file coords.pdb (PDB, C-alpha atoms)
ATOM      1  CA  MET A   1     102.050 117.823 131.220
ATOM      2  CA  GLU A   2     100.280 114.564 131.817
ATOM      3  CA  GLU A   3     102.004 112.143 134.185
ATOM      4  CA  LYS A   4     101.959 108.586 132.915
ATOM      5  CA  ILE A   5     103.299 105.642 134.853
ATOM      6  CA  ILE A   6     104.778 102.898 132.700
ATOM      7  CA  LYS A   7     104.748  99.454 134.325
ATOM      8  CA  THR A   8     107.122  96.765 133.075
ATOM      9  CA  LYS A   9     108.560  93.521 134.383
ATOM     10  CA  ARG A  10     111.567  95.505 135.639
ATOM     11  CA  GLY A  11     109.570  98.108 137.578
ATOM     12  CA  GLN A  12     107.689 101.351 137.210
ATOM     13  CA  TYR A  13     108.909 104.207 135.067
ATOM     14  CA  GLY A  14     107.859 107.787 134.405
ATOM     15  CA  ARG A  15     108.226 109.484 131.054
ATOM     16  CA  VAL A  16     110.457 112.536 130.587
ATOM     17  CA  ASN A  17     110.586 114.700 127.467
ATOM     18  CA  VAL A  18     113.836 116.582 126.901
ATOM     19  CA  THR A  19     114.662 119.061 124.145
ATOM     20  CA  LEU A  20     118.321 119.241 123.138
ATOM     21  CA  PRO A  21     120.202 121.261 120.538
ATOM     22  CA  LEU A  22     120.416 119.182 117.367
ATOM     23  CA  PRO A  23     124.241 118.830 117.377
ATOM     24  CA  VAL A  24     124.108 117.505 120.953
ATOM     25  CA  LYS A  25     121.333 115.057 120.064
ATOM     26  CA  SER A  26     123.234 113.846 117.008
ATOM     27  CA  SER A  27     126.388 113.360 119.036
ATOM     28  CA  LEU A  28     124.491 111.475 121.735
ATOM     29  CA  MET A  29     122.828 109.184 119.198
ATOM     30  CA  ASP A  30     126.159 108.488 117.469
ATOM     31  CA  PHE A  31     127.669 107.540 120.805
ATOM     32  CA  GLN A  32     124.624 105.369 121.593
ATOM     33  CA  LYS A  33     125.080 103.400 118.360
ATOM     34  CA  LYS A  34     128.777 102.846 119.121
ATOM     35  CA  SER A  35     128.010 101.743 122.689
ATOM     36  CA  GLY A  36     125.817  98.808 121.714
ATOM     37  CA  TYR A  37     123.066  99.813 124.162
ATOM     38  CA  LYS A  38     119.455 100.150 123.071
ATOM     39  CA  LYS A  39     118.328 103.762 122.708
ATOM     40  CA  ALA A  40     116.114 103.908 125.825
ATOM     41  CA  GLU A  41     118.657 102.018 127.914
ATOM     42  CA  PHE A  42     121.483 104.328 126.833
ATOM     43  CA  LEU A  43     119.496 107.524 127.452
ATOM     44  CA  ARG A  44     118.322 106.275 130.846
ATOM     45  CA  LEU A  45     121.905 105.448 131.829
ATOM     46  CA  ALA A  46     123.214 108.785 130.527
ATOM     47  CA  LEU A  47     120.518 110.722 132.389
ATOM     48  CA  MET A  48     121.060 108.871 135.678
ATOM     49  CA  THR A  49     124.861 109.137 135.427
ATOM     50  CA  GLY A  50     124.619 112.858 134.725
ATOM     51  CA  TYR A  51     122.118 113.293 137.544
ATOM     52  CA  LEU A  52     124.426 111.570 140.049
ATOM     53  CA  SER A  53     127.416 113.627 138.931
ATOM     54  CA  LEU A  54     125.440 116.860 139.088
ATOM     55  CA  SER A  55     123.964 116.103 142.507
ATOM     56  CA  LYS A  56     127.425 115.342 143.915
ATOM     57  CA  SER A  57     128.814 118.623 142.586
ATOM     58  CA  ILE A  58     125.853 120.557 144.001
ATOM     59  CA  GLU A  59     126.242 118.845 147.385
ATOM     60  CA  SER A  60     129.943 119.719 147.481
ATOM     61  CA  LYS A  61     129.147 123.357 146.597
ATOM     62  CA  ASP A  62     126.481 123.421 149.341
ATOM     63  CA  GLN A  63     128.983 121.909 151.786
ATOM     64  CA  ASN A  64     131.562 124.574 150.851
ATOM     65  CA  ILE A  65     128.974 127.321 151.364
ATOM     66  CA  ILE A  66     127.972 125.878 154.750
ATOM     67  CA  THR A  67     131.635 125.682 155.785
ATOM     68  CA  GLU A  68     132.251 129.290 154.689
ATOM     69  CA  ILE A  69     129.175 130.514 156.596
ATOM     70  CA  THR A  70     130.211 128.578 159.704
ATOM     71  CA  LEU A  71     133.748 129.950 159.558
ATOM     72  CA  SER A  72     132.563 133.514 158.989
ATOM     73  CA  GLN A  73     130.193 133.312 161.973
ATOM     74  CA  GLN A  74     132.959 132.404 164.419
ATOM     75  CA  PRO A  75     134.131 135.283 166.571
ATOM     76  CA  ALA A  76     137.470 136.822 165.677
ATOM     77  CA  ARG A  77     140.417 135.866 167.871
ATOM     78  CA  THR A  78     142.035 138.688 169.750
TER      79      THR A  78
END
call {"tool": "encode", "arguments": {"input": "coords.pdb", "output": "structure tokens"}}
result
Amino acid sequence: MEEKIIKTKRGQYGRVNVTLPLPVKSSLMDFQKKSGYKKAEFLRLALMTGYLSLSKSIESKDQNIITEITLSQQPART
């Protein structure tokens, strides 16, 4: 995959190609039309919002795992 940097007045961007099931794509595009956002703007926002949500859930899972490991490593009270 060739990495292209896209330079605009608003900053630098990298291109991402994503393949989705057709019903999901259709639903996304319907929602985009209703939202009033331009296609690229809507997809960028959806991707970043999903990324933030996913990263928070992964961090909380990692934190739970770390807590469980820490608790399990403590010596038993007698």
call {"tool": "residues_around", "arguments": {"input": "coords.pdb", "residues": "Leu43 (chain A)", "least_positions_apart": "5", "cutoff": "10 Å", "atoms": "only C-alpha atoms", "output": "PyMOL selection string"}}
result
chain A and resi 28-29+32+37-38+48-49
call {"tool": "closest_residue", "arguments": {"input": "coords.pdb", "among": "A:Gly36, A:Glu59, A:Tyr51, A:Arg44", "to": "Gly14 (chain A)", "atoms": "only C-alpha atoms"}}
result
A:Arg44
call {"tool": "atom_distance", "arguments": {"input": "coords.pdb", "atom1": "CA of Ala46 (chain A)", "atom2": "CA of Phe31 (chain A)"}}
result
10.8 Å
call {"tool": "atom_distance", "arguments": {"input": "coords.pdb", "atom1": "CA of Thr19 (chain A)", "atom2": "CA of Gly50 (chain A)"}}
result
15.8 Å
call {"tool": "atom_distance", "arguments": {"input": "coords.pdb", "atom1": "CA of Lys25 (chain A)", "atom2": "CA of Ser55 (chain A)"}}
result
22.6 Å
call {"tool": "residues_around", "arguments": {"input": "coords.pdb", "residues": "Glu3 (chain A)", "least_positions_apart": "3", "cutoff": "12 Å", "atoms": "only C-alpha atoms", "output": "ChimeraX atom specification"}}
result
/A:6,13-17
call {"tool": "build_atoms", "arguments": {"input": "coords.pdb", "residues": "region 14-33 of chain A", "atoms": "N, CA and C atoms", "output": "PDB file, keeping the file's coordinate frame"}}
result
ATOM      1  N   GLY A  14     108.569 106.581 134.785  1.00  0.00           N
ATOM      2  CA  GLY A  14     107.859 107.787 134.405  1.00  0.00           C
ATOM      3  C   GLY A  14     108.503 108.352 133.161  1.00  0.00           C
ATOM      4  N   ARG A  15     107.710 108.949 132.317  1.00  0.00           N
ATOM      5  CA  ARG A  15     108.226 109.484 131.054  1.00  0.00           C
ATOM      6  C   ARG A  15     108.755 110.897 131.245  1.00  0.00           C
ATOM      7  N   VAL A  16     109.859 111.200 130.560  1.00  0.00           N
ATOM      8  CA  VAL A  16     110.457 112.536 130.587  1.00  0.00           C
ATOM      9  C   VAL A  16     110.719 112.955 129.147  1.00  0.00           C
ATOM     10  N   ASN A  17     110.291 114.150 128.791  1.00  0.00           N
ATOM     11  CA  ASN A  17     110.586 114.700 127.467  1.00  0.00           C
ATOM     12  C   ASN A  17     111.674 115.759 127.636  1.00  0.00           C
ATOM     13  N   VAL A  18     112.712 115.657 126.826  1.00  0.00           N
ATOM     14  CA  VAL A  18     113.836 116.582 126.901  1.00  0.00           C
ATOM     15  C   VAL A  18     114.110 117.127 125.507  1.00  0.00           C
ATOM     16  N   THR A  19     114.309 118.432 125.409  1.00  0.00           N
ATOM     17  CA  THR A  19     114.662 119.061 124.145  1.00  0.00           C
ATOM     18  C   THR A  19     116.128 119.444 124.202  1.00  0.00           C
ATOM     19  N   LEU A  20     116.885 118.975 123.207  1.00  0.00           N
ATOM     20  CA  LEU A  20     118.321 119.241 123.138  1.00  0.00           C
ATOM     21  C   LEU A  20     118.652 119.949 121.835  1.00  0.00           C
ATOM     22  N   PRO A  21     119.739 120.719 121.815  1.00  0.00           N
ATOM     23  CA  PRO A  21     120.202 121.261 120.538  1.00  0.00           C
ATOM     24  C   PRO A  21     120.537 120.096 119.594  1.00  0.00           C
ATOM     25  N   LEU A  22     120.250 120.261 118.338  1.00  0.00           N
ATOM     26  CA  LEU A  22     120.416 119.182 117.367  1.00  0.00           C
ATOM     27  C   LEU A  22     121.835 118.605 117.327  1.00  0.00           C
ATOM     28  N   PRO A  23     122.894 119.421 117.377  1.00  0.00           N
ATOM     29  CA  PRO A  23     124.241 118.830 117.377  1.00  0.00           C
ATOM     30  C   PRO A  23     124.490 117.933 118.594  1.00  0.00           C
ATOM     31  N   VAL A  24     123.948 118.317 119.745  1.00  0.00           N
ATOM     32  CA  VAL A  24     124.108 117.505 120.953  1.00  0.00           C
ATOM     33  C   VAL A  24     123.357 116.187 120.799  1.00  0.00           C
ATOM     34  N   LYS A  25     122.134 116.269 120.273  1.00  0.00           N
ATOM     35  CA  LYS A  25     121.333 115.057 120.064  1.00  0.00           C
ATOM     36  C   LYS A  25     122.035 114.120 119.081  1.00  0.00           C
ATOM     37  N   SER A  26     122.542 114.661 118.009  1.00  0.00           N
ATOM     38  CA  SER A  26     123.234 113.846 117.008  1.00  0.00           C
ATOM     39  C   SER A  26     124.457 113.158 117.612  1.00  0.00           C
ATOM     40  N   SER A  27     125.212 113.910 118.389  1.00  0.00           N
ATOM     41  CA  SER A  27     126.388 113.360 119.036  1.00  0.00           C
ATOM     42  C   SER A  27     126.012 112.247 120.016  1.00  0.00           C
ATOM     43  N   LEU A  28     124.970 112.482 120.786  1.00  0.00           N
ATOM     44  CA  LEU A  28     124.491 111.475 121.735  1.00  0.00           C
ATOM     45  C   LEU A  28     124.060 110.204 121.019  1.00  0.00           C
ATOM     46  N   MET A  29     123.322 110.355 119.927  1.00  0.00           N
ATOM     47  CA  MET A  29     122.828 109.184 119.198  1.00  0.00           C
ATOM     48  C   MET A  29     123.970 108.428 118.515  1.00  0.00           C
ATOM     49  N   ASP A  30     124.979 109.150 118.045  1.00  0.00           N
ATOM     50  CA  ASP A  30     126.159 108.488 117.469  1.00  0.00           C
ATOM     51  C   ASP A  30     126.867 107.652 118.532  1.00  0.00           C
ATOM     52  N   PHE A  31     127.016 108.247 119.711  1.00  0.00           N
ATOM     53  CA  PHE A  31     127.669 107.540 120.805  1.00  0.00           C
ATOM     54  C   PHE A  31     126.841 106.327 121.241  1.00  0.00           C
ATOM     55  N   GLN A  32     125.520 106.478 121.226  1.00  0.00           N
ATOM     56  CA  GLN A  32     124.624 105.369 121.593  1.00  0.00           C
ATOM     57  C   GLN A  32     124.805 104.197 120.639  1.00  0.00           C
ATOM     58  N   LYS A  33     124.901 104.464 119.348  1.00  0.00           N
ATOM     59  CA  LYS A  33     125.080 103.400 118.360  1.00  0.00           C
ATOM     60  C   LYS A  33     126.406 102.681 118.568  1.00  0.00           C
TER      61      LYS A  33
END
